[in-house]
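query14.txt, holding compact mmCIF, C-alpha atoms:
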# COMPACT_ATOMS: atom_id res chain seq x y z
CA MET A 11 -8.07 4.80 29.10
CA THR A 12 -11.55 4.02 30.48
CA LYS A 13 -11.87 0.33 31.29
CA HIS A 14 -14.99 -1.62 30.28
CA ASN A 15 -14.59 -4.84 32.21
CA ALA A 16 -17.77 -6.29 30.72
CA ASP A 17 -16.43 -5.90 27.20
CA PRO A 18 -14.51 -9.04 26.12
CA LEU A 19 -12.67 -7.03 23.46
CA ASP A 20 -11.31 -4.60 26.06
CA GLN A 21 -10.36 -7.48 28.35
CA LEU A 22 -8.51 -9.30 25.56
CA TYR A 23 -6.70 -6.09 24.60
CA SER A 24 -5.70 -5.51 28.22
CA LEU A 25 -4.33 -9.04 28.36
CA ILE A 26 -2.34 -8.72 25.12
CA ALA A 27 -1.12 -5.16 25.60
CA ASN A 28 -0.63 -5.34 29.40
CA GLU A 29 -2.82 -2.22 29.63
CA GLU A 30 -2.00 -0.99 33.13
CA ASP A 31 -0.01 2.18 32.44
CA ALA A 32 -2.24 5.22 32.94
CA ARG A 33 0.05 7.24 30.64
CA VAL A 34 0.01 4.73 27.80
CA CYS A 35 -2.05 7.09 25.60
CA LYS A 36 0.07 10.17 26.22
CA ASP A 37 0.82 10.60 22.48
CA ILE A 38 -2.75 10.28 21.11
CA PRO A 39 -5.96 12.20 22.02
CA ASP A 40 -8.34 10.92 24.71
CA ASP A 41 -11.12 10.27 22.14
CA ALA A 42 -8.75 8.09 20.09
CA CYS A 43 -7.55 6.37 23.24
CA ARG A 44 -11.05 5.11 24.00
CA GLU A 45 -11.17 3.39 20.61
CA VAL A 46 -7.76 1.69 20.92
CA PRO A 47 -8.98 -1.87 21.70
CA LYS A 48 -11.39 -1.92 18.73
CA ASN A 49 -8.85 -0.35 16.38
CA PHE A 50 -6.09 -2.66 17.60
CA PHE A 51 -7.99 -5.79 16.59
CA LEU A 52 -9.35 -4.37 13.32
CA ILE A 53 -5.85 -3.37 12.22
CA LEU A 54 -4.49 -6.70 13.46
CA ALA A 55 -7.06 -8.74 11.50
CA SER A 56 -6.49 -6.68 8.35
CA ASN A 57 -2.74 -7.19 8.58
CA VAL A 58 -3.05 -10.94 9.12
CA LEU A 59 -5.34 -11.34 6.09
CA THR A 60 -2.99 -9.39 3.83
CA LYS A 61 -0.05 -11.48 5.01
CA LEU A 62 -1.94 -14.61 3.93
CA GLY A 63 -2.65 -12.93 0.61
CA ASP A 64 1.05 -12.23 0.23
CA LEU A 65 1.80 -15.95 0.61
CA LEU A 66 -0.63 -16.83 -2.18
CA THR A 67 0.84 -14.22 -4.54
CA SER A 68 4.52 -14.64 -3.70
CA PRO A 69 6.69 -13.60 -6.68
CA LYS A 70 9.33 -16.12 -5.60
CA THR A 71 6.95 -19.10 -5.70
CA VAL A 72 3.43 -18.78 -7.12
CA LEU A 73 3.97 -16.03 -9.71
CA ALA A 74 7.34 -17.39 -10.80
CA TRP A 75 5.80 -20.83 -11.36
CA LEU A 76 2.91 -19.28 -13.28
CA MET A 77 5.28 -17.42 -15.61
CA SER A 78 6.93 -20.69 -16.57
CA ALA A 79 3.59 -22.49 -16.81
CA VAL A 80 2.11 -19.99 -19.27
CA GLY A 81 5.29 -19.99 -21.37
CA ALA A 82 6.90 -16.68 -20.40
CA PRO A 83 9.97 -17.69 -18.33
CA ALA A 84 12.04 -14.68 -19.45
CA LEU A 85 9.69 -12.38 -17.50
CA VAL A 86 10.40 -14.10 -14.17
CA ALA A 87 13.33 -11.75 -13.52
CA TRP A 88 10.97 -8.77 -13.32
CA LEU A 89 8.66 -10.14 -10.63
CA VAL A 90 10.60 -9.46 -7.43
CA PRO A 91 11.90 -5.98 -8.41
CA ILE A 92 8.42 -4.84 -9.40
CA ARG A 93 6.81 -6.29 -6.28
CA GLU A 94 9.36 -4.85 -3.85
CA SER A 95 10.26 -1.50 -5.39
CA GLY A 96 7.16 -0.74 -7.44
CA SER A 97 5.19 0.06 -4.30
CA MET A 98 7.98 2.29 -2.95
CA LEU A 99 8.99 4.49 -5.89
CA PRO A 100 5.75 6.54 -6.21
CA GLN A 101 5.27 7.00 -2.48
CA MET A 102 6.47 10.62 -2.34
CA VAL A 103 3.61 11.57 -4.67
CA ILE A 104 1.17 9.27 -2.85
CA GLY A 105 2.34 10.62 0.51
CA ALA A 106 1.74 14.23 -0.55
CA TRP A 107 -1.78 13.31 -1.68
CA VAL A 108 -2.55 11.37 1.51
CA ARG A 109 -1.31 14.28 3.63
CA ARG A 110 -4.07 16.52 2.23
CA LYS A 111 -6.80 14.40 3.87
CA PRO A 112 -7.61 14.60 7.62
CA VAL A 113 -8.82 10.95 7.69
CA ARG A 114 -6.50 8.55 5.90
CA LYS A 115 -7.86 5.05 6.52
CA TRP A 116 -9.72 5.18 3.21
CA PHE A 117 -6.42 5.21 1.34
CA TRP A 118 -5.59 1.86 2.95
CA VAL A 119 -9.04 0.54 2.03
CA LEU A 120 -8.56 1.79 -1.53
CA GLY A 121 -5.14 0.11 -1.68
CA SER A 122 -6.50 -3.18 -0.36
CA PHE A 123 -9.32 -3.25 -2.91
CA GLY A 124 -6.84 -2.23 -5.61
CA GLN A 125 -4.61 -5.17 -4.75
CA ALA A 126 -7.62 -7.48 -4.94
CA LEU A 127 -8.57 -6.23 -8.42
CA SER A 128 -4.94 -6.50 -9.59
CA VAL A 129 -4.71 -10.12 -8.47
CA MET A 130 -8.02 -10.86 -10.21
CA ALA A 131 -6.53 -9.40 -13.39
CA MET A 132 -3.53 -11.74 -13.05
CA ALA A 133 -5.88 -14.71 -12.69
CA ALA A 134 -7.84 -13.58 -15.77
CA SER A 135 -4.60 -13.35 -17.76
CA VAL A 136 -3.79 -16.94 -16.91
CA TRP A 137 -7.28 -18.15 -17.83
CA PHE A 138 -7.77 -16.30 -21.11
CA LEU A 139 -4.27 -15.63 -22.51
CA GLU A 140 -1.24 -17.73 -23.42
CA GLY A 141 2.51 -17.34 -23.71
CA TYR A 142 4.04 -13.89 -23.38
CA ALA A 143 0.61 -12.25 -23.64
CA ALA A 144 -0.36 -14.00 -20.41
CA GLY A 145 3.02 -13.15 -18.90
CA ALA A 146 2.61 -9.49 -19.85
CA GLY A 147 -0.84 -9.54 -18.24
CA ILE A 148 0.67 -10.87 -15.01
CA VAL A 149 3.37 -8.17 -15.06
CA ALA A 150 0.78 -5.45 -15.74
CA GLY A 151 -1.33 -6.74 -12.86
CA LEU A 152 1.73 -6.77 -10.62
CA ILE A 153 2.54 -3.14 -11.49
CA ALA A 154 -1.00 -2.12 -10.51
CA PHE A 155 -0.72 -4.30 -7.42
CA SER A 156 2.48 -2.57 -6.33
CA LEU A 157 0.98 0.89 -6.84
CA ALA A 158 -2.03 -0.06 -4.71
CA ARG A 159 0.35 -1.47 -2.12
CA GLY A 160 2.04 1.92 -1.96
CA PHE A 161 -1.21 3.50 -0.74
CA CYS A 162 -1.45 0.90 2.00
CA SER A 163 2.14 1.38 3.10
CA VAL A 164 1.86 5.17 3.45
CA ALA A 165 -1.58 5.12 5.06
CA MET A 166 -0.92 2.27 7.51
CA LYS A 167 1.89 3.97 9.40
CA ASP A 168 -0.08 7.19 9.67
CA VAL A 169 -3.34 5.54 10.78
CA GLN A 170 -1.46 3.33 13.22
CA GLY A 171 0.36 6.38 14.61
CA LYS A 172 -2.98 8.17 15.18
CA CYS A 173 -4.94 5.20 16.55
CA ILE A 174 -2.44 3.06 18.50
CA PRO A 175 -0.28 4.36 21.40
CA LYS A 176 3.47 4.53 20.82
CA SER A 177 4.31 1.78 23.32
CA ARG A 178 1.87 -0.70 21.68
CA ARG A 179 2.73 -0.32 17.97
CA GLY A 180 5.59 -2.81 17.91
CA ARG A 181 3.41 -5.29 19.78
CA LEU A 182 0.69 -4.93 17.15
CA SER A 183 3.11 -5.47 14.26
CA GLY A 184 4.77 -8.40 16.00
CA LEU A 185 1.48 -10.12 16.82
CA ALA A 186 0.24 -9.65 13.25
CA THR A 187 3.41 -11.22 11.87
CA THR A 188 3.24 -14.09 14.37
CA LEU A 189 -0.40 -14.90 13.61
CA GLY A 190 0.19 -14.49 9.87
CA GLY A 191 3.24 -16.72 10.04
CA GLY A 192 1.39 -19.41 12.00
CA LEU A 193 -1.54 -19.40 9.59
CA THR A 194 0.77 -19.54 6.59
CA VAL A 195 2.31 -22.71 8.03
CA VAL A 196 -1.15 -24.27 8.08
CA MET A 197 -1.96 -22.95 4.62
CA THR A 198 1.34 -24.24 3.24
CA PHE A 199 0.48 -27.78 4.32
CA LEU A 200 -3.12 -27.54 3.11
CA LEU A 201 -2.46 -26.02 -0.30
CA PHE A 202 1.11 -26.82 -1.34
CA TRP A 203 2.40 -29.87 0.46
CA GLY A 204 2.25 -33.03 -1.65
CA GLN A 205 0.71 -31.26 -4.65
CA GLY A 206 3.49 -32.39 -6.96
CA ASP A 207 2.95 -30.33 -10.10
CA PRO A 208 -0.35 -28.41 -9.67
CA SER A 209 -2.27 -27.21 -12.70
CA VAL A 210 -2.57 -23.62 -13.89
CA ALA A 211 -6.20 -23.72 -12.74
CA PHE A 212 -5.10 -24.53 -9.19
CA TYR A 213 -2.81 -21.51 -9.01
CA SER A 214 -5.44 -19.29 -10.63
CA LEU A 215 -7.85 -20.25 -7.86
CA LEU A 216 -5.15 -19.40 -5.33
CA LEU A 217 -4.96 -15.91 -6.83
CA LEU A 218 -8.73 -15.52 -6.55
CA LEU A 219 -8.58 -16.69 -2.92
CA ALA A 220 -5.91 -14.08 -2.25
CA ALA A 221 -8.11 -11.41 -3.85
CA GLY A 222 -10.91 -12.38 -1.48
CA LEU A 223 -8.58 -11.97 1.52
CA TRP A 224 -7.71 -8.40 0.47
CA ILE A 225 -11.40 -7.54 0.02
CA ILE A 226 -12.22 -8.76 3.53
CA ALA A 227 -9.20 -6.90 4.93
CA GLY A 228 -10.39 -3.66 3.29
CA ILE A 229 -13.88 -4.06 4.72
CA LEU A 230 -12.48 -4.61 8.23
CA PHE A 231 -10.10 -1.66 8.00
CA ALA A 232 -12.99 0.61 6.99
CA GLY A 233 -14.33 0.07 10.52
CA VAL A 234 -11.29 1.66 12.19
CA GLU A 235 -12.28 4.74 14.21
CA GLU A 236 -9.78 7.33 13.01
CA TYR A 237 -9.99 10.93 14.16
CA GLU A 238 -9.05 13.84 11.93
CA GLY A 239 -5.39 14.84 11.81
CA GLU A 240 -3.20 17.54 10.29
CA THR A 241 -3.72 18.51 6.65
CA SER A 242 -0.91 21.01 6.07
CA GLY A 243 1.00 20.90 2.80
CA GLY A 244 -2.05 20.33 0.61
CA GLY A 245 -0.56 21.71 -2.60
CA ASN A 246 0.27 19.97 -5.84
CA ALA A 247 1.20 16.36 -5.02
CA LEU A 248 4.27 16.20 -7.28
CA ALA A 249 5.54 19.59 -6.09
CA GLU A 250 5.06 18.55 -2.48
CA ALA A 251 6.81 15.25 -3.20
CA LEU A 252 9.89 16.99 -4.62
CA LYS A 253 9.85 19.42 -1.72
CA SER A 254 9.82 16.48 0.69
CA LEU A 255 13.19 15.34 -0.66
CA SER A 256 14.72 18.26 1.22
CA LEU A 257 14.27 16.13 4.35
CA LEU A 258 17.30 14.11 3.25
CA ARG A 259 19.36 17.30 3.18
CA ASP A 260 17.99 19.14 6.19
CA ASP A 261 16.96 16.42 8.65
CA ALA A 262 20.15 14.68 9.82
CA PRO A 263 18.46 12.03 12.06
CA PHE A 264 16.12 11.05 9.22
CA ARG A 265 18.98 10.93 6.70
CA HIS A 266 20.92 8.68 9.09
CA PHE A 267 17.92 6.37 9.39
CA VAL A 268 17.55 6.09 5.60
CA ILE A 269 21.26 5.23 5.23
CA THR A 270 20.94 2.59 7.93
CA ARG A 271 17.82 1.12 6.35
CA ALA A 272 19.54 0.95 2.96
CA LEU A 273 22.49 -0.97 4.42
CA LEU A 274 20.12 -3.36 6.17
CA LEU A 275 18.57 -4.39 2.83
CA CYS A 276 21.04 -7.27 3.10
CA SER A 277 18.58 -9.26 5.22
CA ALA A 278 16.06 -9.27 2.35
CA LEU A 279 18.42 -9.53 -0.62
CA ALA A 280 20.52 -12.43 0.67
CA ALA A 281 17.66 -14.90 1.15
CA PRO A 282 17.21 -15.96 -2.53
CA TYR A 283 20.90 -16.83 -2.80
CA PHE A 284 20.61 -19.27 0.11
CA VAL A 285 17.88 -20.99 -1.93
CA VAL A 286 20.03 -20.96 -5.08
CA LEU A 287 22.94 -22.65 -3.29
CA ALA A 288 20.61 -25.27 -1.82
CA GLN A 289 18.97 -26.00 -5.18
CA GLN A 290 22.35 -26.83 -6.67
CA GLU A 291 22.63 -29.82 -4.36
CA ALA A 292 19.08 -31.11 -3.81
CA ASP A 293 15.64 -31.62 -5.32
CA GLY A 294 14.14 -28.21 -6.02
CA SER A 295 10.51 -29.33 -5.72
CA LEU A 296 11.15 -30.58 -2.16
CA LEU A 297 13.12 -27.47 -1.22
CA LEU A 298 10.34 -25.18 -2.39
CA GLY A 299 8.05 -26.54 0.32
CA VAL A 300 10.84 -26.64 2.90
CA PHE A 301 11.87 -23.02 2.39
CA LEU A 302 8.25 -21.84 2.32
CA LEU A 303 7.58 -23.65 5.59
CA VAL A 304 10.81 -22.40 7.17
CA SER A 305 9.98 -18.82 6.24
CA SER A 306 6.54 -19.07 7.85
CA LEU A 307 7.90 -20.69 11.00
CA ALA A 308 10.57 -18.04 11.40
CA SER A 309 7.97 -15.27 11.32
CA SER A 310 5.52 -16.99 13.67
CA ILE A 311 8.19 -17.86 16.23
CA SER A 312 10.09 -14.59 16.38
CA ALA A 313 7.85 -11.69 15.41
CA SER A 314 6.04 -11.15 18.72
CA VAL A 315 9.35 -11.27 20.59
CA TRP A 316 10.79 -8.69 18.20
CA GLY A 317 7.62 -6.60 18.62
CA TRP A 318 8.01 -6.45 22.40
CA MET A 319 11.68 -5.57 21.94
CA ALA A 320 10.74 -2.81 19.50
CA ASP A 321 8.36 -1.27 22.04
CA ALA A 322 11.24 -1.11 24.51
CA SER A 323 13.81 0.11 21.96
CA SER A 324 13.30 -0.04 18.19
CA ARG A 325 16.93 1.04 17.73
CA LYS A 326 18.27 -1.92 19.71
CA THR A 327 15.91 -4.21 17.81
CA MET A 328 17.47 -3.10 14.52
CA ILE A 329 20.95 -3.60 15.98
CA ARG A 330 20.19 -7.15 17.10
CA GLY A 331 18.54 -8.07 13.81
CA ALA A 332 21.44 -6.59 11.84
CA ALA A 333 24.00 -8.48 13.93
CA ILE A 334 22.25 -11.81 13.30
CA ALA A 335 21.68 -11.14 9.59
CA SER A 336 25.24 -10.05 8.83
CA GLY A 337 26.64 -12.85 10.99
CA VAL A 338 24.71 -15.64 9.27
CA CYS A 339 25.60 -14.25 5.82
CA LEU A 340 29.30 -14.15 6.64
CA ILE A 341 29.20 -17.64 8.18
CA VAL A 342 27.40 -19.12 5.18
CA ALA A 343 29.78 -17.43 2.73
CA ALA A 344 32.88 -18.56 4.60
CA THR A 345 31.63 -22.09 5.23
CA THR A 346 30.55 -22.62 1.63
CA PHE A 347 33.80 -21.19 0.27
CA PHE A 348 36.08 -23.35 2.41
CA ALA A 349 33.98 -26.53 2.76
CA GLY A 350 32.05 -26.53 -0.51
CA SER A 351 28.27 -26.84 -0.71
CA GLN A 352 28.51 -30.57 -1.39
CA GLU A 353 29.93 -31.21 2.08
CA LEU A 354 27.40 -29.20 4.09
CA GLY A 355 24.36 -31.48 3.93
CA ALA A 356 20.81 -30.91 2.73
CA TRP A 357 19.65 -29.01 5.84
CA PHE A 358 22.48 -26.48 6.17
CA TYR A 359 20.97 -23.85 3.88
CA PRO A 360 17.35 -24.19 5.12
CA ALA A 361 18.66 -23.86 8.70
CA ALA A 362 20.69 -20.77 7.76
CA PHE A 363 17.69 -19.41 5.86
CA PHE A 364 15.58 -19.87 9.00
CA VAL A 365 18.02 -17.81 11.09
CA LEU A 366 18.22 -15.15 8.38
CA GLN A 367 14.42 -14.86 8.24
CA ILE A 368 14.31 -14.40 12.02
CA ALA A 369 16.91 -11.64 11.66
CA HIS A 370 14.97 -10.04 8.79
CA SER A 371 11.82 -10.02 10.92
CA GLY A 372 13.72 -8.14 13.63
CA VAL A 373 15.22 -5.63 11.20
CA ARG A 374 11.85 -5.05 9.55
CA LEU A 375 9.87 -4.61 12.77
CA GLY A 376 12.60 -2.48 14.31
CA ARG A 377 12.88 -0.04 11.43
CA LYS A 378 9.08 0.19 10.97
CA THR A 379 8.55 0.99 14.65
CA TYR A 380 11.50 3.39 14.67
CA LEU A 381 10.09 5.32 11.70
CA VAL A 382 6.62 5.65 13.26
CA ASP A 383 8.05 6.70 16.64
CA MET A 384 10.61 9.22 15.40
CA ALA A 385 8.01 11.69 14.10
CA GLY A 386 4.39 12.75 14.57
CA GLY A 387 1.70 14.38 12.47
CA ASN A 388 2.48 14.99 8.82
CA LYS A 389 6.17 14.33 9.37
CA ARG A 390 5.33 10.69 9.81
CA THR A 391 3.72 10.58 6.36
CA ASP A 392 6.64 12.49 4.81
CA TYR A 393 9.21 10.21 6.45
CA THR A 394 7.40 7.10 5.23
CA SER A 395 6.94 8.26 1.64
CA VAL A 396 10.43 9.73 1.20
CA SER A 397 12.28 6.81 2.79
CA ASN A 398 10.28 4.22 0.84
CA SER A 399 10.80 6.05 -2.46
CA VAL A 400 14.55 6.32 -1.86
CA ILE A 401 14.79 2.69 -0.77
CA GLY A 402 12.81 1.65 -3.86
CA VAL A 403 15.47 3.19 -6.10
CA LEU A 404 18.32 1.75 -4.06
CA LEU A 405 16.67 -1.67 -4.10
CA LEU A 406 16.70 -1.69 -7.89
CA VAL A 407 20.32 -0.51 -7.99
CA THR A 408 21.48 -3.00 -5.36
CA GLY A 409 19.51 -5.77 -7.05
CA ALA A 410 21.22 -5.03 -10.37
CA LEU A 411 24.65 -5.04 -8.74
CA THR A 412 24.03 -8.33 -6.93
CA ALA A 413 22.65 -9.86 -10.13
CA ALA A 414 25.86 -8.92 -11.91
CA LEU A 415 27.97 -10.24 -9.05
CA SER A 416 26.03 -13.52 -9.01
CA ALA A 417 27.40 -14.22 -12.50
CA ILE A 418 30.73 -14.66 -10.74
CA SER A 419 29.59 -16.49 -7.64
CA GLU A 420 26.56 -16.72 -5.33
CA VAL A 421 29.00 -16.98 -2.44
CA ALA A 422 30.50 -13.62 -3.39
CA VAL A 423 27.03 -12.06 -3.31
CA ILE A 424 26.34 -13.41 0.18
CA LEU A 425 29.75 -12.21 1.38
CA VAL A 426 29.18 -8.68 0.04
CA LEU A 427 25.70 -8.55 1.54
CA GLY A 428 27.08 -9.78 4.88
CA LEU A 429 29.62 -6.94 4.87
CA MET A 430 26.87 -4.53 3.90
CA GLY A 431 24.85 -5.73 6.90
CA ALA A 432 27.85 -5.27 9.18
CA ALA A 433 28.08 -1.64 8.01
CA GLY A 434 24.36 -1.30 8.73
CA LEU A 435 24.95 -2.67 12.22
CA VAL A 436 27.57 0.01 12.90
CA SER A 437 25.27 2.69 11.49
CA ALA A 438 22.35 1.52 13.65
CA THR A 439 24.40 1.81 16.82
CA ARG A 440 24.81 5.51 16.06
CA LEU A 441 21.06 6.20 15.72
CA ARG A 442 19.43 8.12 18.54
CA GLU A 443 16.79 6.48 20.76
CA VAL A 444 13.20 7.43 19.96
CA SER A 445 11.19 5.08 22.22
So, in terms of structure tokens, how does the structure I just supplied come out?
Amino acid sequence: MTKHNADPLDQLYSLIANEEDARVCKDIPDDACREVPKNFFLILASNVLTKLGDLLTSPKTVLAWLMSAVGAPALVAWLVPIRESGSMLPQMVIGAWVRRKPVRKWFWVLGSFGQALSVMAMAASVWFLEGYAAGAGIVAGLIAFSLARGFCSVAMKDVQGKCIPKSRRGRLSGLATTLGGGLTVVMTFLLFWGQGDPSVAFYSLLLLLAAGLWIIAGILFAGVEEYEGETSGGGNALAEALKSLSLLRDDAPFRHFVITRALLLCSALAAPYFVVLAQQEADGSLLLGVFLLVSSLASSISASVWGWMADASSRKTMIRGAAIASGVCLIVAATTFFAGSQELGAWFYPAAFFVLQIAHSGVRLGRKTYLVDMAGGNKRTDYTSVSNSVIGVLLLVTGALTAALSAISEVAVILVLGLMGAAGLVSATRLREVS
């Protein structure tokens, strides 16, 4: 890459990325390589803003509270499944559509603006509707939000793969998570701490603030200098999506990755049950702030470290994250079963939650980097859309099973998820290296 020592942006990028390797851009064209510093910071800023938006629209906190506040508590159960899987299920169709365009950043911009409009619709539902009508408006907005999020998910990996060198992608993701986590700590104190029982108007304004963050993120991402890429497979989107499913049958390394990723869902699914156990023994209003703060701290402290690890070996990063996640789940399940939650103290579950969130950050960064690195060109888009669609279905199935199991015991759920993570650990050790 040509150095421009007088350019502060290039100097800052060189400092962050340790840009001394002459072969660092070996997997992207020379023209794209010259734009890496600018693209790095535009993508970084966009990611940080959307992470702040995610905090303000969290289905586990803000949206769940709003459902109860407007008088539609029965709809709370739909928030997390729609948010997590709704953006994944249509991605094979979205991916086939995206693949037909040589420049794909505009799909991310479209998705970001779509999320902003969806959040505005949720705020309008709260202002102008009541009861289950307002709740239905929030759910409808969340469905649209998840669909728009699907565009961002597919496009981001492809744009990042075309604009950022392979050995710097994990660093970018890790830094974005660290900065986002640090800023969410500040935002948590400013907006949530000591609020007591905020009004519906307060949370509606939070939704509008989140919408503004997604608009700014979309504007910044539009400035990314993306060069044209492959456009093969430009047929009917649904037909191409169904054809892409053959990857699971014919591509053994990809199939192995999807199985591993499915088993490692434990790091995401176990977290709410730590909160449930803690709420049984302490003041829920206090714990809400504690867990929100702990989640932000875990991301800000660990993500950059995981990102550097992922650049060295995304496979080993997944292994380490899986080992920590399954270990903390098994320890919590065993300790709670034998000692009883009453004997563990108020800080046991937040501390365990903190460790689990660190592990989840490692699993997430590891598998994202692994997926981007294991394929190039249109295969990257296919891998992303197919794996996300499959995981979206499995997330709903696993969520239903854990919900049924939780009727017996939350401890049993954590134990099963811990064993599931242990199986994911074994599976990850058998993945091939792609770094």
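If you look at atom CA of A:Leu120 and atom CA of A:Leu217, they are 18.8 Å away from each other.
Nearest to A:Gly222 of all the residues A:Leu201, A:Ala186, A:Ala320, A:Leu62 is A:Leu62, counting only C-alpha atoms.
With distances taken over all atoms listed in the file, A:Val396 is the one residue among A:Leu302, A:Leu287, A:Ile311, A:Val396 lying closest to A:Asp261.
Residues with any atom within 8 Å of the point (24.1, 4.7, 9.9), counting only C-alpha atoms, are A:His266, A:Phe267, A:Val268, A:Ile269, A:Thr270, A:Ala433, A:Gly434, A:Leu435, A:Val436, A:Ser437, A:Ala438, A:Thr439, A:Arg440, A:Leu441.
Atom CA of A:His370 to atom CA of A:Gly331 spans 6.5 Å [interatomic distance, one decimal].
Note that the spacing between atom CA of A:Gly81 and atom CA of A:Ser68 amounts to 18.5 Å.
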Quiz item: So which residues touch stretch 133-143 of chain A within 6 Å, counting only C-alpha atoms, skipping near sequence neighbours fewer than 6 positions away, as a ChimeraX atom specification?
Solution: /A:80-82,214
Quiz prompt | Near-A:Gly121 list (6 Å; all atoms listed in the file; drop same-chain fewer than 5 positions) as a list in words | solution = Ala158, Arg159, Phe161 and Cys162 of chain A
Given 6 Å of margin on each side, can you work out the centre and size in Å (one decimal) of an axis-aligned box holding every listed atom of stretch 220-227 of chain A, as lines of an AutoDock Vina configuration file?
center_x = -9.1
center_y = -10.5
center_z = 0.5
size_x = 18.3
size_y = 19.2
size_z = 20.8
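Of the residues under consideration (A:Leu157, A:Ser305, A:Val119, A:Cys276), A:Ser305 shows the shortest atom-to-atom contact distance to A:Leu65 when counting all atoms listed in the file.
Among the candidates A:Pro282, A:Gly228, A:Gly171, A:Gly428, the one nearest to A:Leu52 when counting all atoms listed in the file is A:Gly228.
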Mind listing whatever residues come within 9 Å of the point (-0.5, -14.3, 15.4)? Use only C-alpha atoms, file coordinates, and give them as a tab-separated table (two decimals) with C-alpha atoms, in the coordinates of the input.
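File produced: out-v2.tsv:
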chain	number	residue	atom	x	y	z
A	54	LEU	CA	-4.49	-6.70	13.46
A	58	VAL	CA	-3.05	-10.94	9.12
A	184	GLY	CA	4.77	-8.40	16.00
A	185	LEU	CA	1.48	-10.12	16.82
A	186	ALA	CA	0.24	-9.65	13.25
A	187	THR	CA	3.41	-11.22	11.87
A	188	THR	CA	3.24	-14.09	14.37
A	189	LEU	CA	-0.40	-14.90	13.61
A	190	GLY	CA	0.19	-14.49	9.87
A	191	GLY	CA	3.24	-16.72	10.04
A	192	GLY	CA	1.39	-19.41	12.00
A	193	LEU	CA	-1.54	-19.40	9.59
A	310	SER	CA	5.52	-16.99	13.67
A	313	ALA	CA	7.85	-11.69	15.41
A	314	SER	CA	6.04	-11.15	18.72
Practice problem: Tell me which of A:Trp316, A:Phe231, A:Trp116, A:Phe363 sits closest to A:Gly376, counting only C-alpha atoms. | Solution: A:Trp316
Self-check item: Surrounding residues of A:Gly372 excluding itself and chain neighbours under 2 positions, 12 Å, all atoms listed in the file, as an MDAnalysis selection string
Solution: chainID A and resid 180 183:184 187 274 277:278 308:309 311:320 323:335 365:370 374:380
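Minimum atom-to-atom distance to A:Met166, evaluated using all atoms listed in the file, belongs to A:Ser56 out of A:Ser56, A:Leu307, A:Arg259, A:Leu85.
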Self-check item: Residues within 9 Å of A:Leu405, only C-alpha atoms, excluding chain neighbours under 5 positions, as a PyMOL selection string
Solution: chain A and resi 91+94-95+272+275+279+400+410
If you keep C-alpha atoms, can you produce a file of those selected residues as a PDB file, in the coordinates of the input?
ATOM      1  CA  PRO A  91      11.900  -5.980  -8.410  1.00  0.00           C
ATOM      2  CA  GLU A  94       9.360  -4.850  -3.850  1.00  0.00           C
ATOM      3  CA  SER A  95      10.260  -1.500  -5.390  1.00  0.00           C
ATOM      4  CA  ALA A 272      19.540   0.950   2.960  1.00  0.00           C
ATOM      5  CA  LEU A 275      18.570  -4.390   2.830  1.00  0.00           C
ATOM      6  CA  LEU A 279      18.420  -9.530  -0.620  1.00  0.00           C
ATOM      7  CA  VAL A 400      14.550   6.320  -1.860  1.00  0.00           C
ATOM      8  CA  ALA A 410      21.220  -5.030 -10.370  1.00  0.00           C
TER       9      ALA A 410
END
